[in-house]
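As stored in structure.cif (mmCIF, C-alpha atoms and all ligand atoms):
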```cif
data_start
#
loop_
_atom_site.group_PDB
_atom_site.id
_atom_site.type_symbol
_atom_site.label_atom_id
_atom_site.label_comp_id
_atom_site.auth_asym_id
_atom_site.auth_seq_id
_atom_site.Cartn_x
_atom_site.Cartn_y
_atom_site.Cartn_z
ATOM 1 C CA MET C 1 0.318 -18.669 7.856
ATOM 2 C CA THR C 2 0.797 -15.009 8.754
ATOM 3 C CA HIS C 3 4.404 -13.852 9.061
ATOM 4 C CA ILE C 4 5.022 -10.310 10.282
ATOM 5 C CA ALA C 5 8.580 -8.900 10.330
ATOM 6 C CA VAL C 6 9.381 -5.779 12.336
ATOM 7 C CA LEU C 7 12.440 -3.555 12.037
ATOM 8 C CA GLY C 8 12.609 -0.978 14.782
ATOM 9 C CA SER C 9 13.404 0.135 18.286
ATOM 10 C CA THR C 10 13.536 -1.779 21.531
ATOM 11 C CA ASN C 11 13.423 0.423 24.653
ATOM 12 C CA MET C 12 13.070 0.020 28.351
ATOM 13 C CA ASP C 13 10.295 2.406 29.387
ATOM 14 C CA LEU C 14 10.950 4.235 32.684
ATOM 15 C CA ILE C 15 7.513 5.543 33.597
ATOM 16 C CA ALA C 16 6.483 8.073 36.232
ATOM 17 C CA TYR C 17 2.736 8.206 36.956
ATOM 18 C CA VAL C 18 1.653 11.639 38.219
ATOM 19 C CA ALA C 19 -1.616 13.589 38.481
ATOM 20 C CA LYS C 20 -0.350 16.331 36.170
ATOM 21 C CA ALA C 21 2.955 16.531 34.280
ATOM 22 C CA PRO C 22 5.302 19.244 35.639
ATOM 23 C CA GLN C 23 5.874 22.505 33.807
ATOM 24 C CA ARG C 24 9.410 23.764 33.143
ATOM 25 C CA GLY C 25 11.107 24.628 36.457
ATOM 26 C CA GLU C 26 8.444 22.840 38.515
ATOM 27 C CA THR C 27 8.930 19.810 40.771
ATOM 28 C CA VAL C 28 5.920 17.607 41.477
ATOM 29 C CA THR C 29 5.445 14.444 43.529
ATOM 30 C CA GLY C 30 4.369 11.441 41.493
ATOM 31 C CA ARG C 31 2.322 8.432 42.510
ATOM 32 C CA GLU C 32 4.241 5.479 41.119
ATOM 33 C CA PHE C 33 7.279 4.437 39.046
ATOM 34 C CA ARG C 34 7.406 1.425 36.741
ATOM 35 C CA THR C 35 10.038 -0.118 34.487
ATOM 36 C CA LEU C 36 8.241 -1.797 31.571
ATOM 37 C CA PRO C 37 9.177 -3.046 28.081
ATOM 38 C CA GLY C 38 8.637 -0.691 25.168
ATOM 39 C CA GLY C 39 10.035 0.809 22.000
ATOM 40 C CA LYS C 40 7.801 1.290 18.999
ATOM 41 C CA GLY C 41 9.316 -1.615 17.068
ATOM 42 C CA ALA C 42 9.233 -4.135 19.908
ATOM 43 C CA ASN C 43 5.736 -2.970 20.866
ATOM 44 C CA GLN C 44 4.405 -3.596 17.358
ATOM 45 C CA ALA C 45 6.043 -7.041 17.362
ATOM 46 C CA VAL C 46 4.405 -7.962 20.682
ATOM 47 C CA ALA C 47 1.035 -6.629 19.501
ATOM 48 C CA ALA C 48 1.206 -8.731 16.329
ATOM 49 C CA ALA C 49 2.241 -11.856 18.238
ATOM 50 C CA ARG C 50 -0.519 -11.453 20.821
ATOM 51 C CA ALA C 51 -3.060 -10.733 18.079
ATOM 52 C CA GLY C 52 -2.317 -14.198 16.718
ATOM 53 C CA ALA C 53 0.234 -13.895 13.901
ATOM 54 C CA ASP C 54 1.695 -17.350 13.227
ATOM 55 C CA ASN C 55 5.218 -15.967 13.084
ATOM 56 C CA VAL C 56 6.632 -12.590 14.214
ATOM 57 C CA SER C 57 10.314 -11.697 13.785
ATOM 58 C CA MET C 58 12.062 -8.700 15.309
ATOM 59 C CA ILE C 59 15.058 -7.027 13.678
ATOM 60 C CA GLY C 60 16.632 -4.573 16.123
ATOM 61 C CA ALA C 61 19.446 -3.925 18.568
ATOM 62 C CA VAL C 62 19.905 -3.848 22.329
ATOM 63 C CA GLY C 63 22.960 -3.146 24.470
ATOM 64 C CA ALA C 64 24.956 -5.765 26.367
ATOM 65 C CA ASP C 65 23.238 -4.848 29.626
ATOM 66 C CA ALA C 66 20.446 -5.923 31.967
ATOM 67 C CA PHE C 67 17.730 -3.963 30.111
ATOM 68 C CA GLY C 68 18.754 -5.649 26.861
ATOM 69 C CA THR C 69 18.557 -9.097 28.443
ATOM 70 C CA GLN C 70 15.134 -8.330 29.947
ATOM 71 C CA LEU C 71 13.752 -6.959 26.678
ATOM 72 C CA ARG C 72 14.957 -9.944 24.663
ATOM 73 C CA SER C 73 13.320 -12.252 27.157
ATOM 74 C CA THR C 74 10.035 -10.263 27.069
ATOM 75 C CA LEU C 75 9.927 -10.540 23.287
ATOM 76 C CA GLU C 76 10.633 -14.269 23.397
ATOM 77 C CA HIS C 77 7.954 -14.842 26.058
ATOM 78 C CA SER C 78 5.489 -13.060 23.769
ATOM 79 C CA GLY C 79 6.384 -15.496 20.979
ATOM 80 C CA VAL C 80 8.555 -13.093 18.956
ATOM 81 C CA ASP C 81 11.578 -14.550 17.153
ATOM 82 C CA THR C 82 14.681 -12.589 18.255
ATOM 83 C CA ASP C 83 17.359 -14.298 16.130
ATOM 84 C CA LEU C 84 18.000 -10.980 14.336
ATOM 85 C CA LEU C 85 17.837 -8.793 17.455
ATOM 86 C CA ARG C 86 21.536 -8.037 17.858
ATOM 87 C CA THR C 87 23.322 -7.287 21.098
ATOM 88 C CA VAL C 88 25.852 -4.498 20.547
ATOM 89 C CA ASP C 89 28.640 -3.551 22.922
ATOM 90 C CA THR C 90 29.051 0.002 21.602
ATOM 91 C CA ALA C 91 25.873 1.449 23.122
ATOM 92 C CA ALA C 92 23.427 0.923 25.967
ATOM 93 C CA THR C 93 19.914 -0.393 25.436
ATOM 94 C CA GLY C 94 17.505 2.364 24.401
ATOM 95 C CA THR C 95 15.402 3.954 27.107
ATOM 96 C CA ALA C 96 12.208 5.996 27.064
ATOM 97 C CA HIS C 97 11.577 8.391 29.937
ATOM 98 C CA ILE C 98 7.827 8.730 30.195
ATOM 99 C CA VAL C 99 5.449 10.825 32.293
ATOM 100 C CA VAL C 100 1.852 9.561 32.358
ATOM 101 C CA ASP C 101 -0.812 11.850 33.815
ATOM 102 C CA ASP C 102 -4.176 11.059 35.403
ATOM 103 C CA GLU C 103 -5.956 11.323 32.047
ATOM 104 C CA GLY C 104 -3.676 8.628 30.625
ATOM 105 C CA GLY C 105 -1.823 11.126 28.420
ATOM 106 C CA ASN C 106 1.961 11.033 28.198
ATOM 107 C CA ALA C 107 5.136 12.926 27.353
ATOM 108 C CA ILE C 108 8.195 10.923 26.285
ATOM 109 C CA ILE C 109 11.945 11.480 25.908
ATOM 110 C CA VAL C 110 13.679 8.671 24.001
ATOM 111 C CA ILE C 111 17.414 7.997 24.375
ATOM 112 C CA PRO C 112 18.062 5.752 21.326
ATOM 113 C CA GLY C 113 21.282 4.040 22.499
ATOM 114 C CA ALA C 114 21.674 0.738 20.620
ATOM 115 C CA ASN C 115 18.712 1.575 18.358
ATOM 116 C CA GLY C 116 20.943 4.229 16.792
ATOM 117 C CA THR C 117 23.269 1.547 15.399
ATOM 118 C CA LEU C 118 20.574 0.302 12.980
ATOM 119 C CA THR C 119 21.754 2.332 9.991
ATOM 120 C CA ALA C 120 21.785 -0.511 7.449
ATOM 121 C CA LEU C 121 20.602 -4.071 6.979
ATOM 122 C CA ALA C 122 22.830 -6.845 8.373
ATOM 123 C CA PRO C 123 23.359 -10.329 6.915
ATOM 124 C CA GLY C 124 20.134 -12.287 7.178
ATOM 125 C CA ASP C 125 17.830 -9.258 7.418
ATOM 126 C CA GLU C 126 16.829 -9.157 3.755
ATOM 127 C CA GLY C 127 16.172 -12.914 3.663
ATOM 128 C CA LEU C 128 13.918 -12.597 6.681
ATOM 129 C CA ILE C 129 12.062 -9.615 5.215
ATOM 130 C CA ALA C 130 11.620 -11.541 1.945
ATOM 131 C CA SER C 131 9.969 -14.433 3.810
ATOM 132 C CA ALA C 132 7.374 -12.195 5.539
ATOM 133 C CA ASP C 133 3.876 -11.122 4.433
ATOM 134 C CA THR C 134 4.291 -7.693 5.981
ATOM 135 C CA LEU C 135 7.130 -5.504 7.238
ATOM 136 C CA LEU C 136 6.356 -3.031 10.039
ATOM 137 C CA LEU C 137 8.521 0.090 10.272
ATOM 138 C CA GLN C 138 8.626 3.158 12.535
ATOM 139 C CA LEU C 139 11.113 6.025 12.998
ATOM 140 C CA GLU C 140 12.864 5.378 16.317
ATOM 141 C CA ILE C 141 15.916 4.043 14.465
ATOM 142 C CA PRO C 142 17.989 5.945 11.854
ATOM 143 C CA VAL C 143 15.951 6.673 8.751
ATOM 144 C CA GLU C 144 18.687 5.122 6.530
ATOM 145 C CA GLY C 145 18.006 1.757 8.175
ATOM 146 C CA VAL C 146 14.241 2.181 7.725
ATOM 147 C CA LEU C 147 14.730 3.060 4.069
ATOM 148 C CA ALA C 148 17.024 0.066 3.417
ATOM 149 C CA ALA C 149 14.434 -2.278 4.902
ATOM 150 C CA ALA C 150 11.510 -0.713 3.023
ATOM 151 C CA GLN C 151 13.370 -1.005 -0.267
ATOM 152 C CA ALA C 152 14.267 -4.634 0.501
ATOM 153 C CA ALA C 153 10.589 -5.332 1.158
ATOM 154 C CA ARG C 154 9.650 -3.656 -2.107
ATOM 155 C CA ARG C 155 12.176 -5.851 -4.011
ATOM 156 C CA HIS C 156 10.462 -8.958 -2.641
ATOM 157 C CA GLY C 157 6.834 -7.824 -2.959
ATOM 158 C CA VAL C 158 6.347 -7.642 0.836
ATOM 159 C CA ARG C 159 3.721 -5.176 2.108
ATOM 160 C CA THR C 160 5.278 -2.317 4.121
ATOM 161 C CA ILE C 161 3.393 -0.477 6.846
ATOM 162 C CA LEU C 162 5.162 2.635 8.130
ATOM 163 C CA THR C 163 4.310 4.445 11.367
ATOM 164 C CA PRO C 164 5.948 7.890 10.882
ATOM 165 C CA ALA C 165 6.710 8.397 14.581
ATOM 166 C CA PRO C 166 8.430 10.288 16.070
ATOM 167 C CA ALA C 167 7.387 12.835 13.426
ATOM 168 C CA GLN C 168 10.196 13.993 11.157
ATOM 169 C CA PRO C 169 10.648 14.907 7.489
ATOM 170 C CA LEU C 170 10.747 11.763 5.357
ATOM 171 C CA PRO C 171 12.861 11.080 2.272
ATOM 172 C CA PRO C 172 10.564 10.706 -0.760
ATOM 173 C CA GLU C 173 12.190 7.303 -1.491
ATOM 174 C CA LEU C 174 10.864 6.002 1.819
ATOM 175 C CA LEU C 175 7.290 7.010 1.053
ATOM 176 C CA ALA C 176 7.740 5.549 -2.440
ATOM 177 C CA ALA C 177 8.560 2.188 -0.831
ATOM 178 C CA THR C 178 5.614 2.358 1.622
ATOM 179 C CA ASP C 179 2.305 0.609 0.940
ATOM 180 C CA LEU C 180 0.356 1.807 3.979
ATOM 181 C CA LEU C 181 1.234 4.872 6.071
ATOM 182 C CA VAL C 182 -0.251 5.061 9.595
ATOM 183 C CA PRO C 183 0.344 8.497 11.167
ATOM 184 C CA ASN C 184 -1.611 9.895 14.069
ATOM 185 C CA GLU C 185 -3.273 13.226 13.374
ATOM 186 C CA HIS C 186 -0.271 15.225 14.664
ATOM 187 C CA GLU C 187 2.145 13.260 12.485
ATOM 188 C CA ALA C 188 -0.182 13.645 9.484
ATOM 189 C CA ALA C 189 -0.201 17.409 10.084
ATOM 190 C CA ALA C 190 3.591 17.489 10.480
ATOM 191 C CA LEU C 191 4.037 15.650 7.166
ATOM 192 C CA THR C 192 1.569 17.758 5.188
ATOM 193 C CA GLY C 193 1.164 21.083 6.996
ATOM 194 C CA ILE C 194 -2.606 20.325 7.023
ATOM 195 C CA THR C 195 -4.302 20.006 10.420
ATOM 196 C CA GLU C 196 -7.668 18.624 9.242
ATOM 197 C CA PRO C 197 -7.113 14.823 9.191
ATOM 198 C CA ARG C 198 -9.315 14.036 6.157
ATOM 199 C CA ALA C 199 -7.556 16.678 4.048
ATOM 200 C CA ALA C 200 -4.141 15.594 5.354
ATOM 201 C CA ALA C 201 -4.903 11.954 4.481
ATOM 202 C CA LYS C 202 -5.948 12.946 0.974
ATOM 203 C CA ALA C 203 -2.745 14.980 0.554
ATOM 204 C CA LEU C 204 -0.615 12.000 1.654
ATOM 205 C CA LEU C 205 -2.187 9.870 -1.090
ATOM 206 C CA ALA C 206 0.002 11.764 -3.565
ATOM 207 C CA GLN C 207 2.932 9.831 -2.072
ATOM 208 C CA VAL C 208 1.529 6.532 -0.744
ATOM 209 C CA PRO C 209 -1.367 4.414 -2.036
ATOM 210 C CA GLU C 210 -3.102 3.909 1.346
ATOM 211 C CA VAL C 211 -3.223 5.930 4.567
ATOM 212 C CA VAL C 212 -4.772 5.339 7.981
ATOM 213 C CA VAL C 213 -4.807 8.394 10.254
ATOM 214 C CA THR C 214 -5.328 7.356 13.858
ATOM 215 C CA LEU C 215 -7.534 9.746 15.828
ATOM 216 C CA GLY C 216 -7.218 8.381 19.373
ATOM 217 C CA ALA C 217 -10.602 7.902 21.038
ATOM 218 C CA ARG C 218 -12.321 9.162 17.864
ATOM 219 C CA GLY C 219 -11.215 6.112 15.859
ATOM 220 C CA SER C 220 -9.288 5.931 12.599
ATOM 221 C CA LEU C 221 -9.659 7.337 9.112
ATOM 222 C CA TYR C 222 -8.812 5.172 6.088
ATOM 223 C CA ALA C 223 -8.011 6.778 2.745
ATOM 224 C CA ALA C 224 -7.038 5.144 -0.545
ATOM 225 C CA ARG C 225 -6.527 6.542 -4.018
ATOM 226 C CA GLY C 226 -9.757 6.884 -5.970
ATOM 227 C CA ALA C 227 -12.108 6.473 -2.967
ATOM 228 C CA GLU C 228 -13.640 8.724 -0.318
ATOM 229 C CA PRO C 229 -12.024 8.395 3.175
ATOM 230 C CA VAL C 230 -13.841 6.099 5.636
ATOM 231 C CA LEU C 231 -14.040 6.810 9.389
ATOM 232 C CA VAL C 232 -14.105 3.753 11.660
ATOM 233 C CA GLU C 233 -15.091 4.628 15.232
ATOM 234 C CA ALA C 234 -13.247 3.290 18.291
ATOM 235 C CA PRO C 235 -14.841 1.766 21.414
ATOM 236 C CA GLN C 236 -15.275 4.386 24.154
ATOM 237 C CA VAL C 237 -13.285 3.499 27.284
ATOM 238 C CA THR C 238 -11.605 5.247 30.213
ATOM 239 C CA ALA C 239 -7.851 5.448 29.576
ATOM 240 C CA VAL C 240 -5.276 4.989 32.333
ATOM 241 C CA ASP C 241 -2.190 4.927 30.077
ATOM 242 C CA THR C 242 -2.244 5.571 26.334
ATOM 243 C CA THR C 243 1.461 4.693 25.869
ATOM 244 C CA GLY C 244 1.800 2.176 23.047
ATOM 245 C CA ALA C 245 -1.841 2.415 21.931
ATOM 246 C CA GLY C 246 -0.752 3.335 18.408
ATOM 247 C CA ASP C 247 1.666 0.410 18.338
ATOM 248 C CA THR C 248 -1.061 -1.956 19.518
ATOM 249 C CA PHE C 249 -3.276 -0.647 16.726
ATOM 250 C CA VAL C 250 -0.636 -1.132 14.007
ATOM 251 C CA GLY C 251 0.540 -4.587 15.138
ATOM 252 C CA THR C 252 -3.042 -5.844 15.328
ATOM 253 C CA LEU C 253 -3.997 -4.185 12.042
ATOM 254 C CA ALA C 254 -1.080 -5.913 10.292
ATOM 255 C CA VAL C 255 -2.315 -9.311 11.454
ATOM 256 C CA ALA C 256 -5.901 -8.596 10.407
ATOM 257 C CA LEU C 257 -4.854 -7.451 6.941
ATOM 258 C CA ALA C 258 -2.463 -10.404 6.506
ATOM 259 C CA GLU C 259 -5.395 -12.690 7.374
ATOM 260 C CA GLY C 260 -7.343 -11.116 4.531
ATOM 261 C CA ARG C 261 -9.943 -9.193 6.558
ATOM 262 C CA SER C 262 -11.572 -6.208 4.855
ATOM 263 C CA VAL C 263 -10.073 -2.827 5.750
ATOM 264 C CA PRO C 264 -13.099 -1.619 7.830
ATOM 265 C CA LYS C 265 -13.164 -4.917 9.780
ATOM 266 C CA ALA C 266 -9.395 -4.830 10.272
ATOM 267 C CA LEU C 267 -9.561 -1.238 11.540
ATOM 268 C CA ALA C 268 -12.402 -2.037 13.939
ATOM 269 C CA TRP C 269 -10.508 -5.053 15.319
ATOM 270 C CA ALA C 270 -7.303 -3.015 15.716
ATOM 271 C CA SER C 271 -9.244 -0.212 17.456
ATOM 272 C CA THR C 272 -10.695 -2.739 19.873
ATOM 273 C CA ALA C 273 -7.179 -3.950 20.701
ATOM 274 C CA ALA C 274 -5.949 -0.376 21.224
ATOM 275 C CA ALA C 275 -8.962 0.396 23.440
ATOM 276 C CA LEU C 276 -8.111 -2.614 25.614
ATOM 277 C CA SER C 277 -4.462 -1.547 25.858
ATOM 278 C CA VAL C 278 -5.185 1.971 27.134
ATOM 279 C CA GLN C 279 -7.105 0.559 30.093
ATOM 280 C CA ARG C 280 -3.893 -1.004 31.471
ATOM 281 C CA PRO C 281 -0.486 0.496 32.364
ATOM 282 C CA GLY C 282 2.537 0.259 30.091
ATOM 283 C CA ALA C 283 3.094 -0.286 26.388
ATOM 284 C CA ALA C 284 3.925 -3.917 25.517
ATOM 285 C CA ALA C 285 2.663 -5.039 28.934
ATOM 286 C CA SER C 286 -0.803 -3.637 28.194
ATOM 287 C CA MET C 287 -1.333 -5.351 24.856
ATOM 288 C CA PRO C 288 -4.270 -7.763 24.576
ATOM 289 C CA TYR C 289 -4.231 -11.363 23.368
ATOM 290 C CA ARG C 290 -6.344 -12.454 20.392
ATOM 291 C CA SER C 291 -8.994 -14.071 22.609
ATOM 292 C CA GLU C 292 -9.434 -10.818 24.549
ATOM 293 C CA ILE C 293 -9.736 -8.788 21.348
ATOM 294 C CA ASP C 294 -12.313 -11.210 19.961
ATOM 295 C CA THR C 295 -14.329 -11.204 23.189
ATOM 296 C CA ALA C 296 -14.363 -7.398 23.319
ATOM 297 C CA ALA C 297 -15.137 -7.092 19.586
ATOM 298 C CA ASN C 298 -18.011 -9.588 19.839
ATOM 299 C CA GLY C 299 -19.362 -7.756 22.914
ATOM 300 C CA ALA C 300 -19.287 -4.463 21.013
ATOM 301 C CA ALA C 301 -21.064 -6.027 18.029
ATOM 302 C CA SER C 302 -23.880 -7.682 20.037
HETATM 303 O O1 LIG C 401 4.958 4.195 21.108
HETATM 304 C C1 LIG C 401 5.227 4.023 22.469
HETATM 305 C C2 LIG C 401 6.688 3.867 22.721
HETATM 306 O O2 LIG C 401 7.333 5.051 22.378
HETATM 307 C C3 LIG C 401 7.071 3.598 24.143
HETATM 308 O O3 LIG C 401 7.038 2.237 24.481
HETATM 309 C C4 LIG C 401 8.430 4.230 24.263
HETATM 310 O O4 LIG C 401 9.453 3.281 24.275
HETATM 311 C C5 LIG C 401 8.553 5.138 23.068
HETATM 312 O O5 LIG C 401 9.504 4.693 22.240
#
```
Is it possible to give me this structure as structure tokens?
Amino acid sequence: MTHIAVLGSTNMDLIAYVAKAPQRGETVTGREFRTLPGGKGANQAVAAARAGADNVSMIGAVGADAFGTQLRSTLEHSGVDTDLLRTVDTAATGTAHIVVDDEGGNAIIVIPGANGTLTALAPGDEGLIASADTLLLQLEIPVEGVLAAAQAARRHGVRTILTPAPAQPLPPELLAATDLLVPNEHEAAALTGITEPRAAAKALLAQVPEVVVTLGARGSLYAARGAEPVLVEAPQVTAVDTTGAGDTFVGTLAVALAEGRSVPKALAWASTAAALSVQRPGAAASMPYRSEIDTAANGAAS
């Protein structure tokens, strides 16, 4: 039985698709607008559920509004337990204002709203974390809340995987309670001041025992104390929307590791899932199901 708990953000993504993102002071005409479920926390929960975790639980907060109702329902339809997703009446549901260009790249403004209320654990949260194999954390909620959850996981011997996004300075106590850190190369550089990913990963090992630096289409780099970093390549595909690709990768990776797969196999499987997600629009909406990941992974291997 694999049980993945997630503490993090739930956003409605308001996405404008345009050939090229506007510069400051410029107005451009876009091609399409979509309203799709997102938020790094909710995305990772959906990715883990679709990748086949037996049980996925989301700890988070939405506002008492239509976006909150829609996001709760999306999570439930993906098989995510939302008993600890609170509805607060002091803030609106979080939103992400996203521009996606014709190369699939994006720029995002997040308005945290209800996500900003997650400054501490609430009754029931620690019990849920204690019952999980793995706790997934990101930084779209207040860092105090992330730290409280990571330390709760540490007390109960639950593996913590932290995505340090959006990039920001991290309290040393949070890294001390993290088992696996998964930055992209920009976040790794922001945390270390080192732009070369292999050197940045090695530097991060002073604070966490395992690191995976995601490198987009180039794959992912795994580093652990006492071993040389390993690069696992990603399938080459044409991206239409890379939003949520990192979340797909982490949610799928968590399932693979909880199932006991080796790190290189887990990384390859997670990269396959991320490669599938970038070929479709949206974040949570683009995430593949386990059967699709297996079919694509088997095709790549044969
Ligand atoms: O990681 C992708 C997510 O970041 C989007 O879904 C958006 O909500 C932003 O939070």
(request) For Gly127 in chain C, work out the shell of residues within 12 Å, counting all atoms listed in the file and skipping chain neighbours fewer than 2 positions away, then give it as a list in words. (result)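 These residues fall inside the cut-off: Ala5, Ser57, Ile59, Leu84, Leu121, Ala122, Pro123, Gly124, Asp125, Ile129, Ala130, Ser131, Ala132, Ala149, Ala152, Ala153, Arg155, His156 and Val158 of chain C.
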Target residues per the PyMOL selection byres (((chain C and resi 68) around 12) and not hetatm), formatted as a JSON list (two decimals) with C-alpha atoms, keeping the file's coordinate frame:
```json
[["chain", "number", "residue", "atom", "x", "y", "z"],
["C", 9, "SER", "CA", 13.40, 0.14, 18.29],
["C", 10, "THR", "CA", 13.54, -1.78, 21.53],
["C", 11, "ASN", "CA", 13.42, 0.42, 24.65],
["C", 12, "MET", "CA", 13.07, 0.02, 28.35],
["C", 13, "ASP", "CA", 10.30, 2.41, 29.39],
["C", 37, "PRO", "CA", 9.18, -3.05, 28.08],
["C", 38, "GLY", "CA", 8.64, -0.69, 25.17],
["C", 39, "GLY", "CA", 10.04, 0.81, 22.00],
["C", 42, "ALA", "CA", 9.23, -4.14, 19.91],
["C", 60, "GLY", "CA", 16.63, -4.57, 16.12],
["C", 61, "ALA", "CA", 19.45, -3.92, 18.57],
["C", 62, "VAL", "CA", 19.90, -3.85, 22.33],
["C", 63, "GLY", "CA", 22.96, -3.15, 24.47],
["C", 64, "ALA", "CA", 24.96, -5.76, 26.37],
["C", 65, "ASP", "CA", 23.24, -4.85, 29.63],
["C", 66, "ALA", "CA", 20.45, -5.92, 31.97],
["C", 67, "PHE", "CA", 17.73, -3.96, 30.11],
["C", 69, "THR", "CA", 18.56, -9.10, 28.44],
["C", 70, "GLN", "CA", 15.13, -8.33, 29.95],
["C", 71, "LEU", "CA", 13.75, -6.96, 26.68],
["C", 72, "ARG", "CA", 14.96, -9.94, 24.66],
["C", 73, "SER", "CA", 13.32, -12.25, 27.16],
["C", 74, "THR", "CA", 10.04, -10.26, 27.07],
["C", 75, "LEU", "CA", 9.93, -10.54, 23.29],
["C", 82, "THR", "CA", 14.68, -12.59, 18.26],
["C", 85, "LEU", "CA", 17.84, -8.79, 17.45],
["C", 86, "ARG", "CA", 21.54, -8.04, 17.86],
["C", 87, "THR", "CA", 23.32, -7.29, 21.10],
["C", 88, "VAL", "CA", 25.85, -4.50, 20.55],
["C", 89, "ASP", "CA", 28.64, -3.55, 22.92],
["C", 91, "ALA", "CA", 25.87, 1.45, 23.12],
["C", 92, "ALA", "CA", 23.43, 0.92, 25.97],
["C", 93, "THR", "CA", 19.91, -0.39, 25.44],
["C", 94, "GLY", "CA", 17.50, 2.36, 24.40],
["C", 95, "THR", "CA", 15.40, 3.95, 27.11],
["C", 113, "GLY", "CA", 21.28, 4.04, 22.50],
["C", 114, "ALA", "CA", 21.67, 0.74, 20.62],
["C", 115, "ASN", "CA", 18.71, 1.58, 18.36]]
```
(message) For ligand LIG 401 (chain C), return the neighbouring residues as an MDAnalysis selection string (distance at most 9 Å; all atoms listed in the file).
(response) chainID C and resid 9:14 36:44 94:98 108:112 140 165:166 242:248 282:284
Dump of C-alpha atoms for the selected residues, as a PDB file, in the frame of the given file:
```pdb
ATOM      1  CA  SER C   9      13.404   0.135  18.286  1.00  0.00           C
ATOM      2  CA  THR C  10      13.536  -1.779  21.531  1.00  0.00           C
ATOM      3  CA  ASN C  11      13.423   0.423  24.653  1.00  0.00           C
ATOM      4  CA  MET C  12      13.070   0.020  28.351  1.00  0.00           C
ATOM      5  CA  ASP C  13      10.295   2.406  29.387  1.00  0.00           C
ATOM      6  CA  LEU C  14      10.950   4.235  32.684  1.00  0.00           C
ATOM      7  CA  LEU C  36       8.241  -1.797  31.571  1.00  0.00           C
ATOM      8  CA  PRO C  37       9.177  -3.046  28.081  1.00  0.00           C
ATOM      9  CA  GLY C  38       8.637  -0.691  25.168  1.00  0.00           C
ATOM     10  CA  GLY C  39      10.035   0.809  22.000  1.00  0.00           C
ATOM     11  CA  LYS C  40       7.801   1.290  18.999  1.00  0.00           C
ATOM     12  CA  GLY C  41       9.316  -1.615  17.068  1.00  0.00           C
ATOM     13  CA  ALA C  42       9.233  -4.135  19.908  1.00  0.00           C
ATOM     14  CA  ASN C  43       5.736  -2.970  20.866  1.00  0.00           C
ATOM     15  CA  GLN C  44       4.405  -3.596  17.358  1.00  0.00           C
ATOM     16  CA  GLY C  94      17.505   2.364  24.401  1.00  0.00           C
ATOM     17  CA  THR C  95      15.402   3.954  27.107  1.00  0.00           C
ATOM     18  CA  ALA C  96      12.208   5.996  27.064  1.00  0.00           C
ATOM     19  CA  HIS C  97      11.577   8.391  29.937  1.00  0.00           C
ATOM     20  CA  ILE C  98       7.827   8.730  30.195  1.00  0.00           C
ATOM     21  CA  ILE C 108       8.195  10.923  26.285  1.00  0.00           C
ATOM     22  CA  ILE C 109      11.945  11.480  25.908  1.00  0.00           C
ATOM     23  CA  VAL C 110      13.679   8.671  24.001  1.00  0.00           C
ATOM     24  CA  ILE C 111      17.414   7.997  24.375  1.00  0.00           C
ATOM     25  CA  PRO C 112      18.062   5.752  21.326  1.00  0.00           C
ATOM     26  CA  GLU C 140      12.864   5.378  16.317  1.00  0.00           C
ATOM     27  CA  ALA C 165       6.710   8.397  14.581  1.00  0.00           C
ATOM     28  CA  PRO C 166       8.430  10.288  16.070  1.00  0.00           C
ATOM     29  CA  THR C 242      -2.244   5.571  26.334  1.00  0.00           C
ATOM     30  CA  THR C 243       1.461   4.693  25.869  1.00  0.00           C
ATOM     31  CA  GLY C 244       1.800   2.176  23.047  1.00  0.00           C
ATOM     32  CA  ALA C 245      -1.841   2.415  21.931  1.00  0.00           C
ATOM     33  CA  GLY C 246      -0.752   3.335  18.408  1.00  0.00           C
ATOM     34  CA  ASP C 247       1.666   0.410  18.338  1.00  0.00           C
ATOM     35  CA  THR C 248      -1.061  -1.956  19.518  1.00  0.00           C
ATOM     36  CA  GLY C 282       2.537   0.259  30.091  1.00  0.00           C
ATOM     37  CA  ALA C 283       3.094  -0.286  26.388  1.00  0.00           C
ATOM     38  CA  ALA C 284       3.925  -3.917  25.517  1.00  0.00           C
TER      39      ALA C 284
END
```
(request) For the structure provided, state which residues fall under the PyMOL selection byres (((chain C and resi 274) around 10) and not hetatm), and present them as number ranges by chain. (result) C: 47, 216-217, 219, 234-235, 242, 244-252, 268-273, 275-279, 286-288, 293
Expected file: the selected residues, C-alpha atoms, as a tab-separated table (two decimals), in the coordinates of the input:
```tsv
chain	number	residue	atom	x	y	z
C	47	ALA	CA	1.03	-6.63	19.50
C	216	GLY	CA	-7.22	8.38	19.37
C	217	ALA	CA	-10.60	7.90	21.04
C	219	GLY	CA	-11.22	6.11	15.86
C	234	ALA	CA	-13.25	3.29	18.29
C	235	PRO	CA	-14.84	1.77	21.41
C	242	THR	CA	-2.24	5.57	26.33
C	244	GLY	CA	1.80	2.18	23.05
C	245	ALA	CA	-1.84	2.42	21.93
C	246	GLY	CA	-0.75	3.34	18.41
C	247	ASP	CA	1.67	0.41	18.34
C	248	THR	CA	-1.06	-1.96	19.52
C	249	PHE	CA	-3.28	-0.65	16.73
C	250	VAL	CA	-0.64	-1.13	14.01
C	251	GLY	CA	0.54	-4.59	15.14
C	252	THR	CA	-3.04	-5.84	15.33
C	268	ALA	CA	-12.40	-2.04	13.94
C	269	TRP	CA	-10.51	-5.05	15.32
C	270	ALA	CA	-7.30	-3.02	15.72
C	271	SER	CA	-9.24	-0.21	17.46
C	272	THR	CA	-10.70	-2.74	19.87
C	273	ALA	CA	-7.18	-3.95	20.70
C	275	ALA	CA	-8.96	0.40	23.44
C	276	LEU	CA	-8.11	-2.61	25.61
C	277	SER	CA	-4.46	-1.55	25.86
C	278	VAL	CA	-5.18	1.97	27.13
C	279	GLN	CA	-7.10	0.56	30.09
C	286	SER	CA	-0.80	-3.64	28.19
C	287	MET	CA	-1.33	-5.35	24.86
C	288	PRO	CA	-4.27	-7.76	24.58
C	293	ILE	CA	-9.74	-8.79	21.35
```
